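Here's the structure, in structure tokens; my notes come after.
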Amino acid sequence: MAKGFGKVLLTSSILAGAALGTYMYFKQEGVIDDTKSPVENAVKIKDKVTSDASEYFNKERSYVDLNSTAESIKEAASGAVSSIKETVSNVTSKAKESLAEAKDDVADAAEDAADAVKDVAEDATDAVKDVAEDAADAAKDAADSFEPGLVADKIDASDAGKTIGGTVSEEFFNDEA
């Protein structure tokens with residue numbers, strides 16, 4: 001009797017799980033509405049199931065003709081090969097055109113860069129010439145304004161007896177200080 005009861009219990013739990021899963025699926029799809037009666041929900045479930053089943057069984061299916069001849073297969077293959085060749089030639093010609101355009105663009109960019117370098121070199125040369133002229137003018141002005149007698153007059157007479165570093169050396173070697 002225990003075996004029979006176990007089978008009944010197992011079967012009922014499987015059926016309950018299936019029923020709960022079905023209920024949750026239809027609730028998630030919006031077919032079951034808690035405010036409506038169970039009969040109205042059952043009608044909506046029946047309509048949903050039949051529409052899904054009819055959609056599944058009435059699908060348009062494509063079939064392969066198993067009775068095709070070798071000639072039709074050869075024709076299809078040659079058509080595919082010719083379309084592939086045409087596509088490859090188109091892609092190759094477009095690639096050649098793109099490479100020619102890229103080559104021209106690179107040449108133009110190199111020419112522009114060379115012009116820019118030449119302009120910078122000319123500007124630098126002009127700047128060096130300007131600095132050299134300014135330095136020459138400053139040296140000429142300094143040479144023109146140099147008067148040797150003025151420097152000797154600016155020396156103070158009180159400093160005449162002192163030697164550079166004389167005081168420092170005496171203080172450094174003086175042990176009494």
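The chains in the structure tokens are called A, B, ... from first to last as shown; in each chain the residues are counted from 1, and the ligands are counted from 1 in the order shown.
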Which residues are near Lys48 in chain A? Cut-off 12 Å, only C-alpha atoms, ignore same chain within fewer than 5 positions. Put them as a PDB file with N, CA and C atoms, in the first residue's frame.
ATOM      1  N   TYR A  25       2.846  30.859 -16.667  1.00  0.00           N
ATOM      2  CA  TYR A  25       3.129  31.255 -18.041  1.00  0.00           C
ATOM      3  C   TYR A  25       1.997  32.126 -18.594  1.00  0.00           C
ATOM      4  N   PHE A  26       0.745  31.647 -18.453  1.00  0.00           N
ATOM      5  CA  PHE A  26      -0.382  32.405 -18.985  1.00  0.00           C
ATOM      6  C   PHE A  26      -0.589  33.713 -18.222  1.00  0.00           C
ATOM      7  N   GLU A  29       1.964  36.106 -19.687  1.00  0.00           N
ATOM      8  CA  GLU A  29       1.581  36.519 -21.033  1.00  0.00           C
ATOM      9  C   GLU A  29       0.379  37.455 -21.012  1.00  0.00           C
ATOM     10  N   GLY A  30      -0.277  37.596 -19.882  1.00  0.00           N
ATOM     11  CA  GLY A  30      -1.418  38.499 -19.763  1.00  0.00           C
ATOM     12  C   GLY A  30      -2.729  37.861 -20.173  1.00  0.00           C
ATOM     13  N   VAL A  31      -2.769  36.551 -20.293  1.00  0.00           N
ATOM     14  CA  VAL A  31      -4.002  35.859 -20.673  1.00  0.00           C
ATOM     15  C   VAL A  31      -4.917  35.727 -19.468  1.00  0.00           C
ATOM     16  N   ILE A  32      -4.366  35.445 -18.315  1.00  0.00           N
ATOM     17  CA  ILE A  32      -5.159  35.261 -17.097  1.00  0.00           C
ATOM     18  C   ILE A  32      -5.275  36.607 -16.386  1.00  0.00           C
ATOM     19  N   ASN A  41     -11.374  33.206 -18.026  1.00  0.00           N
ATOM     20  CA  ASN A  41      -9.940  32.940 -18.184  1.00  0.00           C
ATOM     21  C   ASN A  41      -9.697  31.670 -18.992  1.00  0.00           C
ATOM     22  N   ALA A  42     -10.520  30.629 -18.768  1.00  0.00           N
ATOM     23  CA  ALA A  42     -10.363  29.372 -19.508  1.00  0.00           C
ATOM     24  C   ALA A  42     -10.637  29.591 -20.991  1.00  0.00           C
ATOM     25  N   VAL A  43     -11.620  30.432 -21.333  1.00  0.00           N
ATOM     26  CA  VAL A  43     -11.931  30.713 -22.737  1.00  0.00           C
ATOM     27  C   VAL A  43     -10.756  31.461 -23.382  1.00  0.00           C
ATOM     28  N   ALA A  53      -1.325  27.283 -31.926  1.00  0.00           N
ATOM     29  CA  ALA A  53      -1.218  26.005 -32.635  1.00  0.00           C
ATOM     30  C   ALA A  53      -1.482  26.188 -34.123  1.00  0.00           C
ATOM     31  N   SER A  54      -2.486  26.969 -34.477  1.00  0.00           N
ATOM     32  CA  SER A  54      -2.776  27.160 -35.905  1.00  0.00           C
ATOM     33  C   SER A  54      -1.651  27.932 -36.573  1.00  0.00           C
ATOM     34  N   GLU A  55      -1.069  28.880 -35.857  1.00  0.00           N
ATOM     35  CA  GLU A  55       0.077  29.614 -36.414  1.00  0.00           C
ATOM     36  C   GLU A  55       1.257  28.679 -36.645  1.00  0.00           C
TER      37      GLU A  55
END
**Prompt:** Taking the backbone alone, and naming residues the way the document does, which bits of range 1-149 of chain A are alpha helix (DSSP H) by DSSP, as a PyMOL selection string?
**Reply:** chain A and resi 2-29+38-57+70-145+148-149
**Prompt:** Between CA of Ala19 in chain A and CA of Pro38 in chain A, what is the spacing in Å?
**Reply:**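 If I compute the distance from CA of Pro38 in chain A to CA of Ala19 in chain A, I get 14.4 Å.
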